[in-house]
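Next comes structure36.cif, a file with mmCIF, N, CA and C atoms.
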```cif
data_query
#
loop_
_atom_site.label_atom_id
_atom_site.label_comp_id
_atom_site.auth_asym_id
_atom_site.auth_seq_id
_atom_site.Cartn_x
_atom_site.Cartn_y
_atom_site.Cartn_z
N MET C 1 -11.03 9.21 -3.13
CA MET C 1 -11.35 8.20 -2.16
C MET C 1 -12.84 7.86 -2.22
N ASP C 2 -13.67 8.88 -2.45
CA ASP C 2 -15.10 8.62 -2.55
C ASP C 2 -15.42 7.65 -3.68
N ASN C 3 -14.70 7.77 -4.78
CA ASN C 3 -14.93 6.86 -5.91
C ASN C 3 -14.64 5.42 -5.53
N ILE C 4 -13.58 5.22 -4.76
CA ILE C 4 -13.21 3.86 -4.35
C ILE C 4 -14.26 3.30 -3.40
N VAL C 5 -14.71 4.12 -2.46
CA VAL C 5 -15.75 3.66 -1.53
C VAL C 5 -17.03 3.35 -2.28
N ASP C 6 -17.41 4.21 -3.22
CA ASP C 6 -18.62 3.97 -4.01
C ASP C 6 -18.50 2.69 -4.84
N ALA C 7 -17.35 2.50 -5.47
CA ALA C 7 -17.14 1.29 -6.28
C ALA C 7 -17.22 0.04 -5.42
N LEU C 8 -16.62 0.09 -4.25
CA LEU C 8 -16.65 -1.06 -3.33
C LEU C 8 -18.07 -1.31 -2.86
N ASN C 9 -18.79 -0.27 -2.51
CA ASN C 9 -20.17 -0.42 -2.07
C ASN C 9 -21.05 -1.00 -3.18
N ASN C 10 -20.90 -0.47 -4.39
CA ASN C 10 -21.70 -0.97 -5.52
C ASN C 10 -21.39 -2.43 -5.81
N ALA C 11 -20.12 -2.79 -5.79
CA ALA C 11 -19.73 -4.17 -6.06
C ALA C 11 -20.29 -5.10 -4.98
N TYR C 12 -20.26 -4.63 -3.74
CA TYR C 12 -20.82 -5.44 -2.65
C TYR C 12 -22.32 -5.63 -2.81
N GLN C 13 -23.02 -4.54 -3.11
CA GLN C 13 -24.47 -4.63 -3.27
C GLN C 13 -24.83 -5.58 -4.42
N GLU C 14 -24.10 -5.51 -5.52
CA GLU C 14 -24.36 -6.40 -6.66
C GLU C 14 -24.04 -7.86 -6.29
N PHE C 15 -23.01 -8.06 -5.51
CA PHE C 15 -22.64 -9.40 -5.06
C PHE C 15 -23.74 -9.99 -4.17
N VAL C 16 -24.23 -9.20 -3.23
CA VAL C 16 -25.29 -9.67 -2.35
C VAL C 16 -26.57 -9.95 -3.15
N SER C 17 -26.86 -9.08 -4.09
CA SER C 17 -28.05 -9.27 -4.94
C SER C 17 -27.92 -10.55 -5.76
N ALA C 18 -26.72 -10.81 -6.28
CA ALA C 18 -26.50 -12.03 -7.06
C ALA C 18 -26.64 -13.27 -6.18
N ALA C 19 -26.18 -13.18 -4.94
CA ALA C 19 -26.33 -14.31 -4.01
C ALA C 19 -27.81 -14.57 -3.73
N ALA C 20 -28.58 -13.51 -3.55
CA ALA C 20 -30.02 -13.66 -3.33
C ALA C 20 -30.69 -14.27 -4.55
N SER C 21 -30.24 -13.88 -5.74
CA SER C 21 -30.82 -14.43 -6.98
C SER C 21 -30.57 -15.93 -7.08
N VAL C 22 -29.39 -16.37 -6.66
CA VAL C 22 -29.08 -17.80 -6.68
C VAL C 22 -30.04 -18.54 -5.76
N LEU C 23 -30.21 -18.01 -4.56
CA LEU C 23 -31.11 -18.67 -3.60
C LEU C 23 -32.55 -18.70 -4.12
N GLU C 24 -32.98 -17.62 -4.72
CA GLU C 24 -34.35 -17.56 -5.26
C GLU C 24 -34.51 -18.54 -6.42
N ALA C 25 -33.49 -18.62 -7.28
CA ALA C 25 -33.56 -19.54 -8.43
C ALA C 25 -33.60 -20.99 -7.96
N LYS C 26 -32.81 -21.31 -6.94
CA LYS C 26 -32.81 -22.67 -6.41
C LYS C 26 -34.15 -23.00 -5.76
N GLU C 27 -34.70 -22.04 -5.06
CA GLU C 27 -35.98 -22.28 -4.39
C GLU C 27 -37.11 -22.46 -5.40
N SER C 28 -37.11 -21.63 -6.44
CA SER C 28 -38.20 -21.73 -7.42
C SER C 28 -38.08 -22.97 -8.29
N SER C 29 -36.88 -23.52 -8.40
CA SER C 29 -36.72 -24.73 -9.21
C SER C 29 -36.83 -26.00 -8.38
N GLY C 30 -37.11 -25.85 -7.09
CA GLY C 30 -37.21 -27.03 -6.23
C GLY C 30 -35.85 -27.67 -6.02
N ALA C 31 -34.80 -26.85 -5.97
CA ALA C 31 -33.42 -27.29 -5.77
C ALA C 31 -32.89 -28.15 -6.93
N GLN C 32 -33.55 -28.06 -8.07
CA GLN C 32 -33.10 -28.78 -9.26
C GLN C 32 -32.21 -27.87 -10.10
N LYS C 33 -31.31 -28.48 -10.82
CA LYS C 33 -30.44 -27.72 -11.70
C LYS C 33 -31.21 -27.36 -12.97
N THR C 34 -31.31 -26.06 -13.21
CA THR C 34 -32.03 -25.59 -14.40
C THR C 34 -31.18 -24.52 -15.06
N ALA C 35 -31.65 -24.07 -16.22
CA ALA C 35 -30.94 -22.99 -16.92
C ALA C 35 -30.95 -21.72 -16.07
N ALA C 36 -32.05 -21.49 -15.34
CA ALA C 36 -32.14 -20.29 -14.49
C ALA C 36 -31.14 -20.35 -13.33
N THR C 37 -30.99 -21.53 -12.73
CA THR C 37 -30.04 -21.65 -11.63
C THR C 37 -28.61 -21.52 -12.14
N ASP C 38 -28.35 -22.11 -13.32
CA ASP C 38 -27.02 -21.99 -13.91
C ASP C 38 -26.68 -20.53 -14.22
N ALA C 39 -27.66 -19.81 -14.77
CA ALA C 39 -27.44 -18.40 -15.10
C ALA C 39 -27.22 -17.59 -13.82
N ALA C 40 -27.99 -17.88 -12.78
CA ALA C 40 -27.83 -17.18 -11.51
C ALA C 40 -26.47 -17.45 -10.90
N LEU C 41 -26.03 -18.71 -10.99
CA LEU C 41 -24.70 -19.05 -10.46
C LEU C 41 -23.58 -18.37 -11.25
N GLU C 42 -23.73 -18.31 -12.55
CA GLU C 42 -22.72 -17.65 -13.38
C GLU C 42 -22.65 -16.15 -13.05
N ASN C 43 -23.81 -15.54 -12.89
CA ASN C 43 -23.86 -14.13 -12.51
C ASN C 43 -23.22 -13.93 -11.14
N PHE C 44 -23.50 -14.86 -10.22
CA PHE C 44 -22.91 -14.80 -8.88
C PHE C 44 -21.38 -14.86 -8.95
N LYS C 45 -20.85 -15.75 -9.77
CA LYS C 45 -19.39 -15.88 -9.92
C LYS C 45 -18.79 -14.58 -10.46
N GLN C 46 -19.45 -13.99 -11.44
CA GLN C 46 -18.96 -12.73 -12.02
C GLN C 46 -18.98 -11.62 -10.98
N ARG C 47 -20.05 -11.53 -10.22
CA ARG C 47 -20.17 -10.48 -9.20
C ARG C 47 -19.15 -10.69 -8.08
N TRP C 48 -18.89 -11.97 -7.78
CA TRP C 48 -17.88 -12.28 -6.77
C TRP C 48 -16.51 -11.79 -7.24
N GLU C 49 -16.16 -12.04 -8.47
CA GLU C 49 -14.88 -11.59 -9.01
C GLU C 49 -14.78 -10.06 -9.03
N LEU C 50 -15.87 -9.41 -9.43
CA LEU C 50 -15.87 -7.94 -9.45
C LEU C 50 -15.74 -7.38 -8.03
N PHE C 51 -16.37 -8.04 -7.07
CA PHE C 51 -16.25 -7.60 -5.68
C PHE C 51 -14.82 -7.78 -5.19
N ARG C 52 -14.19 -8.88 -5.53
CA ARG C 52 -12.79 -9.11 -5.14
C ARG C 52 -11.88 -8.05 -5.75
N VAL C 53 -12.10 -7.71 -7.01
CA VAL C 53 -11.30 -6.66 -7.65
C VAL C 53 -11.48 -5.34 -6.93
N ALA C 54 -12.71 -5.00 -6.59
CA ALA C 54 -12.98 -3.75 -5.87
C ALA C 54 -12.30 -3.76 -4.50
N CYS C 55 -12.33 -4.90 -3.83
CA CYS C 55 -11.64 -5.02 -2.54
C CYS C 55 -10.13 -4.84 -2.70
N ASP C 56 -9.56 -5.45 -3.72
CA ASP C 56 -8.12 -5.31 -3.97
C ASP C 56 -7.74 -3.86 -4.25
N GLN C 57 -8.57 -3.18 -5.04
CA GLN C 57 -8.29 -1.78 -5.34
C GLN C 57 -8.39 -0.92 -4.09
N ALA C 58 -9.37 -1.18 -3.26
CA ALA C 58 -9.50 -0.43 -2.01
C ALA C 58 -8.31 -0.70 -1.09
N GLU C 59 -7.88 -1.95 -1.04
CA GLU C 59 -6.73 -2.29 -0.20
C GLU C 59 -5.46 -1.60 -0.70
N GLU C 60 -5.26 -1.57 -2.02
CA GLU C 60 -4.10 -0.88 -2.58
C GLU C 60 -4.14 0.60 -2.25
N PHE C 61 -5.32 1.20 -2.32
CA PHE C 61 -5.46 2.61 -1.99
C PHE C 61 -5.10 2.86 -0.52
N VAL C 62 -5.62 2.03 0.37
CA VAL C 62 -5.34 2.18 1.80
C VAL C 62 -3.84 2.03 2.06
N GLU C 63 -3.21 1.05 1.43
CA GLU C 63 -1.77 0.87 1.61
C GLU C 63 -0.98 2.08 1.11
N SER C 64 -1.37 2.63 -0.03
CA SER C 64 -0.65 3.79 -0.56
C SER C 64 -0.82 4.99 0.36
N VAL C 65 -2.00 5.16 0.93
CA VAL C 65 -2.22 6.27 1.88
C VAL C 65 -1.40 6.05 3.14
N LYS C 66 -1.37 4.81 3.63
CA LYS C 66 -0.56 4.51 4.82
C LYS C 66 0.91 4.83 4.57
N GLN C 67 1.42 4.46 3.40
CA GLN C 67 2.82 4.73 3.08
C GLN C 67 3.07 6.23 2.97
N ARG C 68 2.14 6.94 2.35
CA ARG C 68 2.31 8.39 2.20
C ARG C 68 2.30 9.07 3.57
N ILE C 69 1.37 8.68 4.43
CA ILE C 69 1.30 9.26 5.76
C ILE C 69 2.57 8.93 6.54
N GLY C 70 3.02 7.68 6.43
CA GLY C 70 4.25 7.29 7.12
C GLY C 70 5.44 8.07 6.63
N SER C 71 5.54 8.28 5.32
CA SER C 71 6.64 9.06 4.76
C SER C 71 6.60 10.50 5.23
N GLU C 72 5.40 11.08 5.23
CA GLU C 72 5.26 12.47 5.68
C GLU C 72 5.63 12.60 7.15
N CYS C 73 5.21 11.64 7.97
CA CYS C 73 5.56 11.68 9.39
C CYS C 73 7.06 11.52 9.59
N LEU C 74 7.68 10.65 8.80
CA LEU C 74 9.12 10.45 8.90
C LEU C 74 9.87 11.73 8.53
N VAL C 75 9.44 12.38 7.46
CA VAL C 75 10.09 13.62 7.05
C VAL C 75 9.89 14.69 8.12
N ASP C 76 8.66 14.79 8.63
CA ASP C 76 8.39 15.78 9.68
C ASP C 76 9.25 15.53 10.91
N GLU C 77 9.34 14.28 11.31
CA GLU C 77 10.13 13.92 12.49
C GLU C 77 11.61 14.19 12.25
N ALA C 78 12.09 13.79 11.08
CA ALA C 78 13.52 13.93 10.79
C ALA C 78 13.94 15.38 10.59
N THR C 79 13.06 16.18 10.04
CA THR C 79 13.42 17.58 9.78
C THR C 79 13.08 18.49 10.95
N GLY C 80 12.45 17.93 11.98
CA GLY C 80 12.14 18.73 13.15
C GLY C 80 10.94 19.63 12.97
N SER C 81 10.15 19.41 11.95
CA SER C 81 8.99 20.27 11.72
C SER C 81 7.73 19.73 12.35
N VAL C 82 7.87 18.78 13.29
CA VAL C 82 6.71 18.23 13.98
C VAL C 82 6.29 19.22 15.05
N ALA C 83 5.04 19.59 15.04
CA ALA C 83 4.52 20.47 16.08
C ALA C 83 3.87 19.60 17.14
N GLY C 84 4.21 19.83 18.38
CA GLY C 84 3.64 19.06 19.46
C GLY C 84 2.21 19.49 19.73
N LYS C 85 1.52 18.70 20.51
CA LYS C 85 0.17 19.08 20.91
C LYS C 85 0.29 20.32 21.80
N PRO C 86 -0.74 21.14 21.85
CA PRO C 86 -0.67 22.33 22.70
C PRO C 86 -0.33 21.96 24.13
N GLY C 87 0.66 22.67 24.66
CA GLY C 87 1.08 22.42 26.03
C GLY C 87 2.12 21.34 26.18
N GLN C 88 2.52 20.70 25.07
CA GLN C 88 3.53 19.65 25.13
C GLN C 88 4.77 20.10 24.39
N ALA C 89 5.92 19.79 24.98
CA ALA C 89 7.18 20.10 24.32
C ALA C 89 7.55 18.95 23.40
N VAL C 90 8.15 19.27 22.27
CA VAL C 90 8.58 18.25 21.33
C VAL C 90 10.04 17.98 21.59
N THR C 91 10.35 16.76 22.05
CA THR C 91 11.73 16.38 22.30
C THR C 91 11.96 15.03 21.67
N THR C 92 12.77 15.01 20.63
CA THR C 92 13.06 13.74 19.98
C THR C 92 14.38 13.17 20.44
N GLY C 93 15.25 14.02 21.01
CA GLY C 93 16.55 13.55 21.43
C GLY C 93 17.55 13.50 20.29
N LEU C 94 17.10 13.68 19.07
CA LEU C 94 17.97 13.67 17.91
C LEU C 94 17.92 15.03 17.24
N PRO C 95 19.07 15.50 16.77
CA PRO C 95 19.03 16.77 16.04
C PRO C 95 18.33 16.56 14.70
N PRO C 96 17.57 17.54 14.25
CA PRO C 96 16.88 17.39 12.96
C PRO C 96 17.87 17.35 11.81
N ILE C 97 17.50 16.65 10.75
CA ILE C 97 18.32 16.63 9.54
C ILE C 97 17.52 17.25 8.41
N SER C 98 18.21 17.63 7.38
CA SER C 98 17.51 18.28 6.26
C SER C 98 16.72 17.25 5.46
N ALA C 99 15.70 17.73 4.78
CA ALA C 99 14.88 16.85 3.93
C ALA C 99 15.73 16.28 2.80
N VAL C 100 16.68 17.07 2.29
CA VAL C 100 17.56 16.60 1.22
C VAL C 100 18.41 15.45 1.74
N ARG C 101 18.94 15.59 2.94
CA ARG C 101 19.77 14.54 3.54
C ARG C 101 18.94 13.28 3.78
N LEU C 102 17.71 13.47 4.24
CA LEU C 102 16.83 12.33 4.47
C LEU C 102 16.57 11.59 3.16
N GLU C 103 16.35 12.33 2.08
CA GLU C 103 16.13 11.71 0.77
C GLU C 103 17.36 10.94 0.33
N GLN C 104 18.55 11.49 0.56
CA GLN C 104 19.79 10.79 0.19
C GLN C 104 19.91 9.49 0.97
N MET C 105 19.62 9.55 2.24
CA MET C 105 19.72 8.34 3.07
C MET C 105 18.69 7.30 2.63
N SER C 106 17.51 7.77 2.29
CA SER C 106 16.46 6.87 1.82
C SER C 106 16.88 6.17 0.53
N LYS C 107 17.49 6.93 -0.39
CA LYS C 107 17.96 6.33 -1.64
C LYS C 107 19.06 5.31 -1.37
N ALA C 108 19.95 5.63 -0.42
CA ALA C 108 21.02 4.68 -0.09
C ALA C 108 20.44 3.38 0.43
N VAL C 109 19.44 3.48 1.28
CA VAL C 109 18.81 2.27 1.82
C VAL C 109 18.13 1.49 0.71
N ARG C 110 17.42 2.19 -0.20
CA ARG C 110 16.77 1.50 -1.32
C ARG C 110 17.79 0.76 -2.17
N TRP C 111 18.94 1.40 -2.46
CA TRP C 111 19.98 0.74 -3.26
C TRP C 111 20.49 -0.51 -2.56
N LEU C 112 20.69 -0.41 -1.25
CA LEU C 112 21.17 -1.57 -0.52
C LEU C 112 20.15 -2.70 -0.55
N VAL C 113 18.88 -2.37 -0.39
CA VAL C 113 17.84 -3.39 -0.44
C VAL C 113 17.80 -4.06 -1.81
N ILE C 114 17.89 -3.26 -2.86
CA ILE C 114 17.88 -3.81 -4.23
C ILE C 114 19.08 -4.72 -4.43
N GLU C 115 20.25 -4.28 -3.97
CA GLU C 115 21.45 -5.11 -4.13
C GLU C 115 21.33 -6.41 -3.35
N LEU C 116 20.78 -6.34 -2.15
CA LEU C 116 20.61 -7.55 -1.37
C LEU C 116 19.59 -8.49 -2.02
N GLN C 117 18.54 -7.93 -2.60
CA GLN C 117 17.55 -8.76 -3.27
C GLN C 117 18.13 -9.45 -4.49
N HIS C 118 19.07 -8.78 -5.16
CA HIS C 118 19.69 -9.38 -6.34
C HIS C 118 20.89 -10.25 -5.99
N GLY C 119 21.20 -10.36 -4.70
CA GLY C 119 22.27 -11.25 -4.27
C GLY C 119 23.66 -10.72 -4.52
N SER C 120 23.80 -9.41 -4.72
CA SER C 120 25.14 -8.89 -5.01
C SER C 120 25.90 -8.54 -3.74
N GLY C 121 25.24 -8.59 -2.59
CA GLY C 121 25.93 -8.29 -1.34
C GLY C 121 26.84 -9.44 -0.98
N THR C 122 28.08 -9.13 -0.55
CA THR C 122 29.03 -10.16 -0.16
C THR C 122 29.47 -9.91 1.26
N ALA C 123 29.47 -10.93 2.07
CA ALA C 123 29.88 -10.79 3.46
C ALA C 123 31.37 -10.54 3.53
N GLY C 124 31.76 -9.54 4.30
CA GLY C 124 33.18 -9.26 4.50
C GLY C 124 33.80 -8.44 3.39
N GLY C 125 33.11 -8.09 2.37
CA GLY C 125 33.69 -7.30 1.29
C GLY C 125 32.76 -6.20 0.88
N PRO C 126 33.24 -5.28 0.03
CA PRO C 126 32.36 -4.21 -0.41
C PRO C 126 31.21 -4.77 -1.23
N SER C 127 30.01 -4.30 -0.95
CA SER C 127 28.85 -4.85 -1.64
C SER C 127 28.48 -4.08 -2.88
N HIS C 128 29.08 -2.90 -3.08
CA HIS C 128 28.78 -2.15 -4.29
C HIS C 128 29.95 -1.25 -4.65
N SER C 129 30.00 -0.88 -5.92
CA SER C 129 31.13 -0.12 -6.41
C SER C 129 30.96 1.37 -6.19
N HIS C 130 29.77 1.84 -5.88
CA HIS C 130 29.54 3.27 -5.69
C HIS C 130 29.41 3.60 -4.21
N VAL C 131 30.44 3.22 -3.42
CA VAL C 131 30.40 3.35 -1.98
C VAL C 131 30.14 4.80 -1.57
N SER C 132 30.73 5.76 -2.23
CA SER C 132 30.57 7.15 -1.80
C SER C 132 29.30 7.79 -2.34
N ALA C 133 28.59 7.15 -3.23
CA ALA C 133 27.42 7.77 -3.86
C ALA C 133 26.29 8.10 -2.89
N PRO C 134 25.94 7.23 -1.92
CA PRO C 134 24.80 7.55 -1.09
C PRO C 134 25.03 8.71 -0.12
N PHE C 135 26.28 9.02 0.20
CA PHE C 135 26.56 10.03 1.20
C PHE C 135 27.24 11.23 0.57
N ASP C 136 26.90 12.40 1.05
CA ASP C 136 27.44 13.65 0.53
C ASP C 136 28.21 14.33 1.65
N ALA C 137 29.48 14.61 1.42
CA ALA C 137 30.35 15.18 2.45
C ALA C 137 29.94 16.59 2.83
N ARG C 138 29.06 17.23 2.08
CA ARG C 138 28.62 18.58 2.41
C ARG C 138 27.82 18.61 3.69
N PHE C 139 27.32 17.48 4.13
CA PHE C 139 26.48 17.47 5.32
C PHE C 139 27.29 17.08 6.54
N SER C 140 27.14 17.86 7.60
CA SER C 140 27.95 17.66 8.80
C SER C 140 27.65 16.35 9.49
N GLU C 141 26.47 15.77 9.28
CA GLU C 141 26.13 14.52 9.96
C GLU C 141 27.10 13.41 9.55
N ASP C 142 27.58 13.43 8.28
CA ASP C 142 28.47 12.38 7.81
C ASP C 142 29.84 12.47 8.46
N ALA C 143 30.30 13.67 8.78
CA ALA C 143 31.62 13.83 9.36
C ALA C 143 31.69 13.18 10.73
N ALA C 144 30.59 13.17 11.44
CA ALA C 144 30.57 12.60 12.79
C ALA C 144 30.50 11.08 12.76
N GLN C 145 30.21 10.50 11.64
CA GLN C 145 30.05 9.03 11.59
C GLN C 145 31.35 8.33 11.31
#
```

Encoded form (structure tokens):
Amino acid sequence: MDNIVDALNNAYQEFVSAAASVLEAKESSGAQKTAATDAALENFKQRWELFRVACDQAEEFVESVKQRIGSECLVDEATGSVAGKPGQAVTTGLPPISAVRLEQMSKAVRWLVIELQHGSGTAGGPSHSHVSAPFDARFSEDAAQ
């Protein structure tokens, strides 16, 4: 994470420096177009692009961390391994399920999303040929459904 922050900071500093160089070049040329102003503008464009890339990389990193934290919280909540704050009781109202079962359910949902994205889902009929694949009869939660 430190590398991403450093890269973003460096790209920002270079971008600001390039912007200042453009202003200085324009001022020294009397607002006339010269080779120096053109070079400063070209450098500014390059630094702008590098800054955008650094921002995109930082955003991707933040999104991946958010997803990882969300997944970990979901697993903790579903498996009942969430510890409450001191002095607070943990009551979810739902019985915990195993991590293996949670993974199976997650895969089933992913398959359904993929099938829906590819347009293979049909209203009123079976949407896939592996109906029993996402669920495993070994788990008692399925018997109750």

Rank C:Ile114, C:Ala40, C:Leu102, C:Cys55 by their smallest atom-to-atom distance to C:Tyr12, using only N, CA and C atoms, and report the top residue only.
->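 Counting only N, CA and C atoms, the residue closest to C:Tyr12 is C:Cys55.
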
Using atom CA of C:Val113 and atom CA of C:Ala99 as the two end points, give the distance in Å to one decimal.
->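 Straight-line distance from atom CA of C:Val113 to atom CA of C:Ala99 works out to 20.9 Å.
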
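Counting from atom N of C:Ala25, the distance to atom C of C:Thr37 is 7.5 Å.
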
Can you give me, as a PyMOL selection string, the residues this file yields under the PyMOL selection byres (((chain C and resi 7 and name CA) around 10) and name CA)?
-> chain C and resi 1-6+8-13+50-51+53-55+57-58

Residues near C:Phe15, cut-off 7 Å, only C-alpha atoms, skip fewer than 5 positions along chain, as a ChimeraX atom specification | /C:44,47-48,51

Please, what distance in Å, to one decimal, runs between atom C of C:Ala108 and atom C of C:Ser64?
->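 Atom C of C:Ser64 lies 21.3 Å from atom C of C:Ala108.
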